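What's in upload.tsv: TSV, C-alpha atoms
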chain	number	residue	atom	x	y	z
A	55	MET	CA	134.84	-75.21	-94.98
A	56	THR	CA	133.22	-77.44	-97.46
A	57	CYS	CA	131.87	-80.85	-96.61
A	58	SER	CA	131.47	-81.90	-100.20
A	59	GLY	CA	134.01	-83.43	-102.55
A	60	ASP	CA	136.80	-85.43	-100.97
A	61	SER	CA	135.88	-85.17	-97.30
A	62	PRO	CA	136.21	-88.55	-95.57
A	63	ARG	CA	132.54	-88.96	-94.78
A	64	ALA	CA	132.68	-92.66	-95.54
A	65	GLU	CA	135.02	-93.14	-92.60
A	66	VAL	CA	132.59	-91.83	-90.04
A	67	GLY	CA	132.74	-94.10	-87.02
A	68	GLN	CA	131.00	-94.68	-83.73
A	69	LEU	CA	132.47	-91.51	-82.21
A	70	ASN	CA	130.86	-89.45	-84.96
A	71	VAL	CA	127.50	-91.16	-84.52
A	72	SER	CA	127.59	-90.02	-80.91
A	73	ALA	CA	128.59	-86.51	-81.92
A	74	GLN	CA	125.81	-86.44	-84.47
A	75	THR	CA	123.24	-87.45	-81.88
A	76	GLU	CA	124.45	-84.77	-79.50
A	77	PHE	CA	124.50	-82.14	-82.21
A	78	GLU	CA	121.01	-83.04	-83.36
A	79	ALA	CA	119.64	-82.80	-79.82
A	80	ARG	CA	121.22	-79.40	-79.25
A	81	LEU	CA	120.12	-78.18	-82.68
A	82	LEU	CA	116.54	-79.31	-82.10
A	83	ALA	CA	116.48	-77.54	-78.74
A	84	PHE	CA	117.81	-74.37	-80.39
A	85	ILE	CA	115.19	-74.52	-83.12
A	86	ARG	CA	112.33	-75.09	-80.67
A	87	ARG	CA	113.31	-72.61	-77.98
A	88	THR	CA	115.16	-69.86	-79.82
A	89	LEU	CA	114.60	-69.98	-83.53
A	90	LEU	CA	110.91	-70.89	-83.78
A	91	PRO	CA	109.40	-70.54	-80.30
A	92	ASP	CA	106.04	-69.50	-81.76
A	93	ALA	CA	105.70	-72.25	-84.35
A	94	ASP	CA	102.10	-73.45	-84.71
A	95	LEU	CA	103.06	-77.10	-85.02
A	96	PRO	CA	105.36	-79.22	-82.87
A	97	ILE	CA	108.82	-79.42	-84.35
A	98	ASP	CA	110.54	-82.77	-84.40
A	99	ARG	CA	113.72	-83.97	-86.02
A	100	GLU	CA	112.04	-84.54	-89.38
A	101	THR	CA	109.94	-81.38	-89.54
A	102	TYR	CA	110.41	-79.60	-92.87
A	103	LEU	CA	111.83	-76.25	-91.78
A	104	PHE	CA	111.04	-74.26	-94.89
A	105	ALA	CA	107.27	-74.79	-95.11
A	106	ASP	CA	105.03	-71.74	-94.72
A	107	SER	CA	108.02	-69.43	-94.36
A	108	LEU	CA	108.91	-70.93	-90.96
A	109	ILE	CA	112.50	-69.96	-91.62
A	110	ASN	CA	112.75	-66.41	-92.94
A	111	SER	CA	115.77	-64.43	-94.11
A	112	MET	CA	116.75	-63.44	-90.57
A	113	ARG	CA	116.21	-66.85	-89.00
A	114	ILE	CA	118.32	-68.58	-91.62
A	115	LEU	CA	121.25	-66.43	-90.52
A	116	ASP	CA	120.74	-67.55	-86.92
A	117	LEU	CA	120.43	-71.17	-87.98
A	118	VAL	CA	123.59	-71.08	-90.08
A	119	ALA	CA	125.43	-69.25	-87.30
A	120	PHE	CA	124.42	-71.97	-84.82
A	121	VAL	CA	125.75	-74.69	-87.08
A	122	GLU	CA	128.94	-72.73	-87.80
A	123	ASN	CA	129.51	-72.10	-84.12
A	124	TRP	CA	129.15	-75.77	-83.37
A	125	LEU	CA	131.49	-76.69	-86.21
A	126	GLY	CA	133.95	-73.95	-85.42
A	127	ALA	CA	134.16	-73.19	-89.11
A	128	GLU	CA	132.27	-71.33	-91.78
A	129	ILE	CA	129.90	-73.28	-93.97
A	130	GLY	CA	130.83	-73.10	-97.63
A	131	LEU	CA	128.18	-71.87	-100.03
A	132	ASP	CA	128.22	-75.19	-101.85
A	133	ASP	CA	127.02	-76.87	-98.66
A	134	VAL	CA	124.01	-74.56	-98.34
A	135	THR	CA	121.43	-76.73	-100.04
A	136	MET	CA	117.94	-77.98	-99.31
A	137	ASP	CA	119.21	-81.54	-98.90
A	138	HIS	CA	121.46	-80.40	-96.06
A	139	PHE	CA	119.02	-78.02	-94.33
A	140	ARG	CA	115.53	-79.43	-94.79
A	141	SER	CA	115.22	-80.66	-91.18
A	142	ALA	CA	117.14	-80.96	-87.93
A	143	SER	CA	118.05	-84.55	-88.73
A	144	ALA	CA	119.28	-83.60	-92.21
A	145	ILE	CA	121.45	-80.81	-90.83
A	146	ALA	CA	122.93	-83.08	-88.17
A	147	GLU	CA	123.44	-85.96	-90.54
A	148	TYR	CA	125.37	-83.82	-93.00
A	149	PHE	CA	127.27	-81.40	-90.80
A	150	ALA	CA	128.10	-83.40	-87.69
A	151	PRO	CA	130.60	-85.61	-89.53
A	152	CYS	CA	132.06	-82.47	-91.10
A	153	ALA	CA	133.09	-81.25	-87.66
A	154	ASN	CA	135.53	-84.12	-87.41
A	155	THR	CA	137.08	-83.25	-90.74
A	156	VAL	CA	137.82	-79.75	-89.45
A	157	SER	CA	138.81	-80.33	-85.86
A	158	ALA	CA	138.71	-83.24	-83.43
A	159	VAL	CA	137.12	-80.93	-80.89
A	160	PRO	CA	134.86	-78.39	-82.55
A	161	ARG	CA	135.14	-74.92	-81.12
A	162	ARG	CA	131.80	-74.26	-79.47
A	163	LYS	CA	131.03	-70.58	-79.20
A	164	ASN	CA	127.94	-68.87	-77.86
A	165	ARG	CA	126.21	-72.01	-76.76
B	1384	MET	CA	123.25	-71.54	-139.18
B	1385	THR	CA	126.29	-70.04	-140.84
B	1386	ALA	CA	129.71	-69.46	-139.35
B	1387	THR	CA	132.10	-68.13	-141.93
B	1388	ASP	CA	134.41	-66.43	-139.46
B	1389	ARG	CA	136.75	-68.39	-137.31
B	1390	PRO	CA	135.57	-68.16	-133.67
B	1391	PRO	CA	137.60	-65.35	-132.11
B	1392	SER	CA	140.15	-66.90	-129.82
B	1393	THR	CA	142.75	-64.21	-129.44
B	1394	ILE	CA	140.81	-61.07	-130.35
B	1395	GLY	CA	137.67	-60.39	-128.37
B	1396	VAL	CA	134.23	-60.21	-129.91
B	1397	ALA	CA	133.77	-56.56	-128.97
B	1398	GLU	CA	137.12	-55.59	-130.48
B	1399	MET	CA	136.30	-57.36	-133.72
B	1400	LEU	CA	132.89	-55.71	-133.93
B	1401	ARG	CA	134.37	-52.34	-133.13
B	1402	ALA	CA	136.91	-52.81	-135.89
B	1403	SER	CA	134.16	-53.72	-138.35
B	1404	GLY	CA	132.17	-50.64	-137.38
B	1405	GLU	CA	129.25	-52.61	-135.90
B	1406	LEU	CA	129.79	-51.75	-132.24
B	1407	ALA	CA	130.23	-48.37	-130.61
B	1408	ALA	CA	131.47	-48.54	-127.05
B	1409	PRO	CA	131.87	-45.08	-125.54
B	1410	ASP	CA	133.70	-46.47	-122.50
B	1411	ASN	CA	130.83	-45.82	-120.10
B	1412	GLY	CA	129.33	-49.29	-119.74
B	1413	SER	CA	127.01	-48.99	-122.71
B	1414	VAL	CA	127.23	-50.05	-126.35
B	1415	GLY	CA	125.63	-49.14	-129.64
B	1416	LEU	CA	125.05	-51.96	-132.10
B	1417	ALA	CA	124.54	-52.18	-135.85
B	1418	GLY	CA	124.75	-54.81	-138.57
B	1419	ARG	CA	125.36	-58.40	-137.53
B	1420	PRO	CA	125.23	-58.09	-133.73
B	1421	LEU	CA	122.06	-56.02	-133.96
B	1422	ARG	CA	120.42	-58.59	-136.22
B	1423	LEU	CA	121.43	-61.35	-133.84
B	1424	LEU	CA	120.12	-59.47	-130.80
B	1425	ARG	CA	116.80	-58.90	-132.56
B	1426	ALA	CA	116.58	-62.57	-133.60
B	1427	LEU	CA	117.21	-63.68	-130.03
B	1428	ASP	CA	114.63	-61.28	-128.67
B	1429	ALA	CA	112.10	-62.43	-131.27
B	1430	THR	CA	112.67	-66.02	-130.14
B	1431	PHE	CA	112.17	-65.26	-126.46
B	1432	LEU	CA	109.15	-63.10	-127.28
B	1433	SER	CA	107.64	-65.96	-129.29
B	1434	TRP	CA	108.01	-68.26	-126.28
B	1435	ALA	CA	106.14	-65.73	-124.15
B	1436	GLU	CA	103.41	-65.34	-126.75
B	1437	GLU	CA	103.00	-69.12	-127.01
B	1438	LEU	CA	102.30	-69.09	-123.27
B	1439	GLY	CA	99.72	-66.37	-123.75
B	1440	ALA	CA	101.75	-63.56	-122.22
B	1441	GLU	CA	100.64	-60.00	-122.86
B	1442	GLU	CA	103.45	-57.84	-124.19
B	1443	TRP	CA	104.29	-54.53	-122.55
B	1444	ARG	CA	106.79	-51.81	-123.15
B	1445	PHE	CA	108.19	-49.70	-120.34
B	1446	PRO	CA	110.53	-46.73	-120.03
B	1447	ALA	CA	113.95	-47.03	-118.47
B	1448	MET	CA	112.82	-44.72	-115.68
B	1449	ILE	CA	111.11	-46.04	-112.55
B	1450	SER	CA	110.11	-44.21	-109.41
B	1451	ARG	CA	112.23	-44.57	-106.32
B	1452	ALA	CA	109.02	-45.19	-104.36
B	1453	THR	CA	108.35	-48.33	-106.40
B	1454	LEU	CA	111.80	-49.67	-105.69
B	1455	GLU	CA	111.42	-48.83	-102.00
B	1456	SER	CA	108.19	-50.85	-101.96
B	1457	VAL	CA	110.19	-53.94	-102.84
B	1458	ASP	CA	112.95	-53.23	-100.35
B	1459	PHE	CA	115.36	-52.70	-103.21
B	1460	PHE	CA	117.75	-50.39	-101.45
B	1461	SER	CA	118.42	-52.66	-98.49
B	1462	GLY	CA	119.74	-55.30	-100.84
B	1463	PHE	CA	120.88	-53.70	-104.06
B	1464	SER	CA	121.64	-50.03	-103.44
B	1465	HIS	CA	125.13	-50.57	-104.84
B	1466	LEU	CA	123.61	-51.30	-108.26
B	1467	ALA	CA	121.23	-48.35	-108.41
B	1468	THR	CA	121.45	-45.35	-110.72
B	1469	SER	CA	119.57	-42.12	-110.09
B	1470	ALA	CA	117.74	-40.30	-112.89
B	1471	THR	CA	117.55	-36.88	-111.33
B	1472	PRO	CA	116.90	-33.84	-113.54
B	1473	ILE	CA	119.68	-31.27	-113.45
B	1474	GLU	CA	117.19	-28.46	-113.18
B	1475	GLU	CA	113.99	-28.70	-111.12
B	1476	ARG	CA	110.87	-27.38	-112.88
B	1477	GLY	CA	108.52	-27.35	-109.93
B	1478	GLN	CA	106.78	-30.58	-110.88
B	1479	ASN	CA	106.49	-32.97	-108.00
B	1480	VAL	CA	107.02	-36.32	-109.71
B	1481	GLY	CA	109.15	-37.78	-106.94
B	1482	GLU	CA	112.65	-39.09	-107.25
B	1483	GLN	CA	113.25	-41.26	-110.29
B	1484	MET	CA	115.75	-44.06	-110.84
B	1485	LEU	CA	116.90	-46.05	-113.82
B	1486	SER	CA	115.33	-49.48	-113.72
B	1487	THR	CA	117.52	-52.46	-112.81
B	1488	ALA	CA	114.96	-54.99	-114.02
B	1489	VAL	CA	112.02	-54.80	-116.39
B	1490	CYS	CA	109.68	-56.75	-114.14
B	1491	PHE	CA	109.69	-54.11	-111.39
B	1492	HIS	CA	107.34	-52.11	-113.61
B	1493	LEU	CA	104.77	-54.89	-113.65
B	1494	TYR	CA	104.03	-55.81	-110.05
B	1495	PRO	CA	102.57	-52.44	-108.95
B	1496	GLN	CA	99.88	-52.82	-111.63
B	1497	PHE	CA	98.32	-55.58	-109.55
B	1498	ALA	CA	98.35	-53.74	-106.24
B	1499	GLY	CA	95.31	-54.60	-104.13
B	1500	GLN	CA	93.91	-57.01	-106.71
B	1501	VAL	CA	92.57	-60.53	-106.43
B	1502	LEU	CA	94.05	-62.57	-109.25
B	1503	PRO	CA	91.51	-64.60	-111.24
B	1504	GLY	CA	91.62	-68.31	-110.48
B	1505	SER	CA	91.56	-69.28	-114.14
B	1506	GLY	CA	95.31	-69.70	-114.45
B	1507	PRO	CA	98.43	-67.62	-114.12
B	1508	ILE	CA	98.77	-64.07	-115.39
B	1509	LEU	CA	101.61	-63.78	-117.87
B	1510	ARG	CA	103.39	-60.69	-119.11
B	1511	THR	CA	106.50	-60.04	-121.15
B	1512	ALA	CA	108.56	-56.94	-121.78
B	1513	ALA	CA	111.99	-56.02	-123.02
B	1514	GLY	CA	113.82	-52.91	-122.03
B	1515	GLU	CA	117.02	-51.20	-121.15
B	1516	CYS	CA	118.19	-51.87	-117.60
B	1517	TYR	CA	120.97	-50.28	-115.58
B	1518	ARG	CA	123.19	-51.97	-113.03
B	1519	TYR	CA	126.31	-50.16	-111.94
B	1520	GLU	CA	128.82	-52.95	-111.43
B	1521	SER	CA	132.56	-53.13	-111.45
B	1522	GLY	CA	134.41	-54.85	-114.28
B	1523	MET	CA	132.43	-53.31	-117.14
B	1524	GLU	CA	133.15	-54.87	-120.50
B	1525	PRO	CA	131.24	-54.31	-123.75
B	1526	LEU	CA	128.59	-57.00	-124.36
B	1527	ARG	CA	129.69	-59.01	-121.31
B	1528	ARG	CA	129.03	-56.70	-118.35
B	1529	GLN	CA	127.40	-53.38	-119.08
B	1530	TRP	CA	125.98	-50.59	-116.95
B	1531	ALA	CA	123.21	-50.25	-119.56
B	1532	PHE	CA	122.00	-53.51	-121.07
B	1533	THR	CA	118.90	-55.02	-122.66
B	1534	MET	CA	116.75	-57.50	-120.80
B	1535	ARG	CA	113.79	-59.54	-122.06
B	1536	GLU	CA	111.62	-60.87	-119.27
B	1537	ILE	CA	108.70	-63.26	-119.04
B	1538	VAL	CA	106.77	-62.78	-115.81
B	1539	PHE	CA	104.11	-65.02	-114.27
B	1540	LEU	CA	101.79	-64.48	-111.31
B	1541	GLY	CA	99.55	-67.10	-109.75
B	1542	THR	CA	99.55	-70.03	-107.37
B	1543	PRO	CA	102.83	-71.48	-106.09
B	1544	GLU	CA	102.36	-74.46	-108.39
B	1545	GLU	CA	101.65	-72.35	-111.48
B	1546	VAL	CA	104.66	-70.15	-110.91
B	1547	GLU	CA	107.05	-73.01	-110.32
B	1548	SER	CA	105.79	-75.03	-113.28
B	1549	HIS	CA	106.22	-72.08	-115.64
B	1550	ARG	CA	109.68	-71.41	-114.28
B	1551	ARG	CA	110.71	-75.04	-114.74
B	1552	ALA	CA	109.25	-75.24	-118.23
B	1553	LEU	CA	111.07	-72.12	-119.39
B	1554	MET	CA	114.24	-73.33	-117.74
B	1555	ALA	CA	114.08	-76.56	-119.72
B	1556	ARG	CA	113.25	-74.74	-122.94
B	1557	THR	CA	116.13	-72.29	-122.52
B	1558	CYS	CA	118.62	-75.06	-121.76
B	1559	ASP	CA	117.47	-76.94	-124.83
B	1560	PHE	CA	117.79	-73.76	-126.92
B	1561	ALA	CA	121.35	-73.22	-125.69
B	1562	ARG	CA	122.21	-76.84	-126.49
B	1563	ARG	CA	120.84	-76.54	-129.99
B	1564	LEU	CA	122.95	-73.42	-130.47
B	1565	GLN	CA	125.95	-75.48	-129.38
B	1566	LEU	CA	126.69	-73.28	-126.41
B	1567	ASP	CA	128.70	-74.94	-123.68
B	1568	SER	CA	126.32	-74.05	-120.88
B	1569	SER	CA	125.49	-75.05	-117.33
B	1570	LEU	CA	122.42	-74.47	-115.20
B	1571	ASP	CA	123.34	-73.51	-111.64
B	1572	VAL	CA	121.61	-72.53	-108.44
B	1573	ALA	CA	122.40	-68.86	-107.87
B	1574	THR	CA	121.72	-65.93	-105.59
B	1575	ASP	CA	121.10	-62.27	-106.24
B	1576	PRO	CA	124.03	-59.95	-105.41
B	1577	PHE	CA	122.64	-58.80	-102.07
B	1578	PHE	CA	124.74	-56.17	-100.36
B	1579	THR	CA	123.78	-56.13	-96.67
B	1580	ALA	CA	123.82	-58.62	-93.81
B	1581	ALA	CA	120.05	-58.97	-94.08
B	1582	GLY	CA	120.59	-59.57	-97.75
B	1583	ARG	CA	122.88	-62.48	-96.91
B	1584	GLY	CA	119.93	-64.15	-95.22
B	1585	ARG	CA	117.82	-63.66	-98.33
B	1586	ALA	CA	120.63	-65.08	-100.43
B	1587	LEU	CA	120.96	-68.15	-98.20
B	1588	LEU	CA	117.23	-68.76	-98.42
B	1589	GLN	CA	117.35	-68.31	-102.19
B	1590	ARG	CA	120.06	-70.91	-102.37
B	1591	ILE	CA	118.49	-73.47	-100.05
B	1592	LYS	CA	115.09	-73.20	-101.70
B	1593	GLU	CA	116.65	-73.00	-105.18
B	1594	LEU	CA	114.63	-69.88	-105.92
B	1595	LYS	CA	117.12	-68.64	-108.49
B	1596	TYR	CA	118.85	-70.53	-111.25
B	1597	GLU	CA	121.19	-69.06	-113.80
B	1598	LEU	CA	122.19	-70.43	-117.16
B	1599	HIS	CA	125.92	-69.86	-117.53
B	1600	VAL	CA	127.96	-69.84	-120.68
B	1601	GLY	CA	131.51	-69.74	-119.47
B	1602	ASP	CA	131.59	-67.16	-116.68
B	1603	LEU	CA	128.55	-65.28	-117.99
B	1604	ALA	CA	124.99	-65.65	-116.74
B	1605	VAL	CA	122.91	-65.32	-119.91
B	1606	ALA	CA	119.53	-66.07	-118.32
B	1607	SER	CA	118.04	-66.29	-114.85
B	1608	PHE	CA	114.98	-68.17	-113.63
B	1609	ASN	CA	113.48	-66.69	-110.49
B	1610	ASN	CA	110.76	-67.77	-108.11
B	1611	HIS	CA	109.89	-64.84	-105.83
B	1612	GLU	CA	107.35	-66.87	-103.85
B	1613	ALA	CA	104.98	-64.36	-102.20
B	1614	PHE	CA	107.50	-61.51	-101.95
B	1615	PHE	CA	105.88	-59.21	-104.52
B	1616	GLY	CA	102.38	-60.43	-103.63
B	1617	ARG	CA	102.95	-59.22	-100.09
B	1618	ALA	CA	104.76	-56.03	-101.14
B	1619	PHE	CA	101.89	-54.95	-103.40
B	1620	ASP	CA	99.03	-56.82	-101.76
B	1621	PHE	CA	97.90	-58.88	-104.72
B	1622	HIS	CA	96.49	-62.21	-103.74
B	1623	LEU	CA	94.71	-65.37	-104.80
B	1624	GLU	CA	90.97	-65.98	-104.53
B	1625	ASP	CA	91.51	-67.92	-101.31
B	1626	GLY	CA	93.15	-64.89	-99.72
B	1627	ARG	CA	96.75	-66.10	-99.81
B	1628	PRO	CA	99.33	-63.70	-101.27
B	1629	ALA	CA	99.92	-64.58	-104.92
B	1630	HIS	CA	103.25	-65.96	-105.95
B	1631	SER	CA	105.31	-64.61	-108.82
B	1632	GLY	CA	108.28	-65.57	-110.89
B	1633	CYS	CA	110.23	-64.31	-113.85
B	1634	VAL	CA	112.67	-65.47	-116.45
B	1635	ALA	CA	115.17	-62.89	-117.68
B	1636	PHE	CA	117.42	-62.98	-120.72
B	1637	GLY	CA	120.45	-60.68	-121.02
B	1638	LEU	CA	120.42	-60.08	-124.75
B	1639	GLU	CA	123.90	-58.58	-125.25
B	1640	ARG	CA	125.38	-61.51	-123.36
B	1641	TRP	CA	123.63	-63.98	-125.66
B	1642	VAL	CA	125.07	-62.06	-128.63
B	1643	TYR	CA	128.52	-62.24	-127.08
B	1644	ALA	CA	128.25	-65.95	-126.25
B	1645	LEU	CA	127.08	-66.90	-129.73
B	1646	MET	CA	129.63	-64.80	-131.60
B	1647	ASP	CA	132.38	-66.00	-129.31
B	1648	ARG	CA	131.36	-69.58	-130.06
B	1649	HIS	CA	130.51	-69.39	-133.74
B	1650	GLY	CA	132.06	-66.23	-135.14
B	1651	MET	CA	130.79	-62.86	-136.26
B	1652	ASP	CA	128.54	-64.13	-139.08
B	1653	PHE	CA	126.48	-66.41	-136.88
B	1654	GLU	CA	122.76	-66.41	-137.59
B	1655	PHE	CA	119.98	-68.77	-136.65
Please express the file's structure as structure tokens.
Amino acid sequence: MTCSGDSPRAEVGQLNVSAQTEFEARLLAFIRRTLLPDADLPIDRETYLFADSLINSMRILDLVAFVENWLGAEIGLDDVTMDHFRSASAIAEYFAPCANTVSAVPRRKNR
Amino acid sequence: MTATDRPPSTIGVAEMLRASGELAAPDNGSVGLAGRPLRLLRALDATFLSWAEELGAEEWRFPAMISRATLESVDFFSGFSHLATSATPIEERGQNVGEQMLSTAVCFHLYPQFAGQVLPGSGPILRTAAGECYRYESGMEPLRRQWAFTMREIVFLGTPEEVESHRRALMARTCDFARRLQLDSSLDVATDPFFTAAGRGRALLQRIKELKYELHVGDLAVASFNNHEAFFGRAFDFHLEDGRPAHSGCVAFGLERWVYALMDRHGMDFEF
């Protein structure tokens, strides 16, 4: 899946705003409880995830897998950028609308 | 700049150089060069060396051989074992020198020199070296993708800011150089060819944090610009005065690929 290029992001409507909010809440819970339970600082939706090696090479796999599971599709390499992954809100803002370009009801595995 | 030959469009650069007796390609992923391509390779290396010297880099020369233990220290085999080449003697002579490999990058020779050291706070440490490197990859093609190839590297160790600023400056200088040579090039975020699942995580991080850029001419990466962050500082325990692991970075130029790109663009007589 790639969310760049011609995807209809401009057509995101109220339904997607709701999906984005839900996704962000679940993602934030995953980051706090599973991914970074021992983080020194509180993690909120705008916390920069890549400071001080918070996210290492193993955790990034878990983070990407979480997003892919929620989307029900693989994330294309072109979508793996700092702009899209810098914080929980950035991830949700970029990828939640993508879910609706792939499937009306994202397959949710391992949640 | 001279370009008396028509740029080769139907006959490849390597074939033309082979026909002119200036390239020997023994069909094993290596080439021998003479005449025009050798002069061009030397001119390119002299240019990159001059950039390093302007920055105050100390020049080193290393052998192709590197100990397996050094590569293990940097977790090489978990990510790049598919590229590695052993340099094992056919006959043991009772000397315990440990297993040796052929180096895949010049800069691996440098980091162990700083093991356990505190880097001076007076600015980054800069080194440069050129050498033969060996990466066993599929799709070997003379000048374009070789098992044995020549790499010039400029390496910098210091604070995160020093490393990134040197990387960015050399990136800009190299792009400008390619433009002036009229190469149709693009600078792209890249990842190392990690082999394992754990390597995929390192590659994703590299991509997100833009730790590796490559300058591409067509489908060839002719230079790479790498920020290792504290990876080598941790691996070899060299750190800053404040106790943090030092950061490092390197810029690498694949010299045969530059020769190919320039001759493909301008013809066999190209000089600069």
Chain A residues within 6 Å of chain B, counting all atoms listed in the file: which ones, as a PyMOL selection string? chain A and resi 111-112+114-115+134-136
List the spatial neighbours of stretch 1414-1430 of chain B as a list in words - criterion: any atom at most 7 Å away, only C-alpha atoms, same-chain residues fewer than 4 positions off excluded.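 Residues near the query, excluding close chain neighbours: Glu1405, Leu1406, Ala1407, Ala1408, Pro1409, Trp1434, Pro1525, Arg1535, Leu1638, Glu1639, Val1642, Asp1652 and Glu1654 of chain B.
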Those selected residues, please, written with C-alpha atoms and delivered as a JSON list (two decimals), keeping the file's coordinate frame.
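File produced: again27.json:
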[["chain", "number", "residue", "atom", "x", "y", "z"],
["B", 1405, "GLU", "CA", 129.25, -52.61, -135.90],
["B", 1406, "LEU", "CA", 129.79, -51.75, -132.24],
["B", 1407, "ALA", "CA", 130.23, -48.37, -130.61],
["B", 1408, "ALA", "CA", 131.47, -48.54, -127.05],
["B", 1409, "PRO", "CA", 131.87, -45.08, -125.54],
["B", 1434, "TRP", "CA", 108.01, -68.26, -126.28],
["B", 1525, "PRO", "CA", 131.24, -54.31, -123.75],
["B", 1535, "ARG", "CA", 113.79, -59.54, -122.06],
["B", 1638, "LEU", "CA", 120.42, -60.08, -124.75],
["B", 1639, "GLU", "CA", 123.90, -58.58, -125.25],
["B", 1642, "VAL", "CA", 125.07, -62.06, -128.63],
["B", 1652, "ASP", "CA", 128.54, -64.13, -139.08],
["B", 1654, "GLU", "CA", 122.76, -66.41, -137.59]]
Between atom CA of B:Ile1508 and atom CA of B:Phe1577, measure the distance and give it in Å to one decimal.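 Separating atom CA of B:Ile1508 from atom CA of B:Phe1577 is a distance of 27.8 Å.
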Which protein, DNA or RNA residues have an atom at most 9 Å from (110.8, -76.7, -85.2), counting only C-alpha atoms? List them as a ChimeraX atom specification. /A:82-87,89-91,93,95-103,108,141-142
Would you put the residues from that selection into a file with C-alpha atoms, as an mmCIF file, in the frame of the given file?
data_model
loop_
_atom_site.group_PDB
_atom_site.id
_atom_site.type_symbol
_atom_site.label_atom_id
_atom_site.label_comp_id
_atom_site.auth_asym_id
_atom_site.auth_seq_id
_atom_site.Cartn_x
_atom_site.Cartn_y
_atom_site.Cartn_z
ATOM 1 C CA LEU A 82 116.540 -79.310 -82.100
ATOM 2 C CA ALA A 83 116.480 -77.540 -78.740
ATOM 3 C CA PHE A 84 117.810 -74.370 -80.390
ATOM 4 C CA ILE A 85 115.190 -74.520 -83.120
ATOM 5 C CA ARG A 86 112.330 -75.090 -80.670
ATOM 6 C CA ARG A 87 113.310 -72.610 -77.980
ATOM 7 C CA LEU A 89 114.600 -69.980 -83.530
ATOM 8 C CA LEU A 90 110.910 -70.890 -83.780
ATOM 9 C CA PRO A 91 109.400 -70.540 -80.300
ATOM 10 C CA ALA A 93 105.700 -72.250 -84.350
ATOM 11 C CA LEU A 95 103.060 -77.100 -85.020
ATOM 12 C CA PRO A 96 105.360 -79.220 -82.870
ATOM 13 C CA ILE A 97 108.820 -79.420 -84.350
ATOM 14 C CA ASP A 98 110.540 -82.770 -84.400
ATOM 15 C CA ARG A 99 113.720 -83.970 -86.020
ATOM 16 C CA GLU A 100 112.040 -84.540 -89.380
ATOM 17 C CA THR A 101 109.940 -81.380 -89.540
ATOM 18 C CA TYR A 102 110.410 -79.600 -92.870
ATOM 19 C CA LEU A 103 111.830 -76.250 -91.780
ATOM 20 C CA LEU A 108 108.910 -70.930 -90.960
ATOM 21 C CA SER A 141 115.220 -80.660 -91.180
ATOM 22 C CA ALA A 142 117.140 -80.960 -87.930
#
By how many Å are atom CA of B:Thr1468 and atom CA of B:Asn1411 apart? 13.3 Å
Could you check how far atom CA of B:Gly1506 sits from atom CA of B:Leu1598, in Å to one decimal? 27.0 Å
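Closest to A:Thr88 among A:Ile129, A:Cys152, A:Ala146, A:Leu117 is A:Leu117, based on all atoms listed in the file.
Take the candidates B:Arg1528, B:Arg1550, B:Arg1640, B:Arg1627 and check each one against B:Gly1412 using all atoms listed in the file; the shortest distance goes to B:Arg1528.
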Compare B:Leu1566, B:Leu1502, B:Ala1618, B:Val1538 by their minimum atom-to-atom distance to B:Ala1435, counting all atoms listed in the file, and give me the closest one.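 Checking each of B:Leu1566, B:Leu1502, B:Ala1618, B:Val1538 against B:Ala1435, counting all atoms listed in the file, the winner is B:Val1538.
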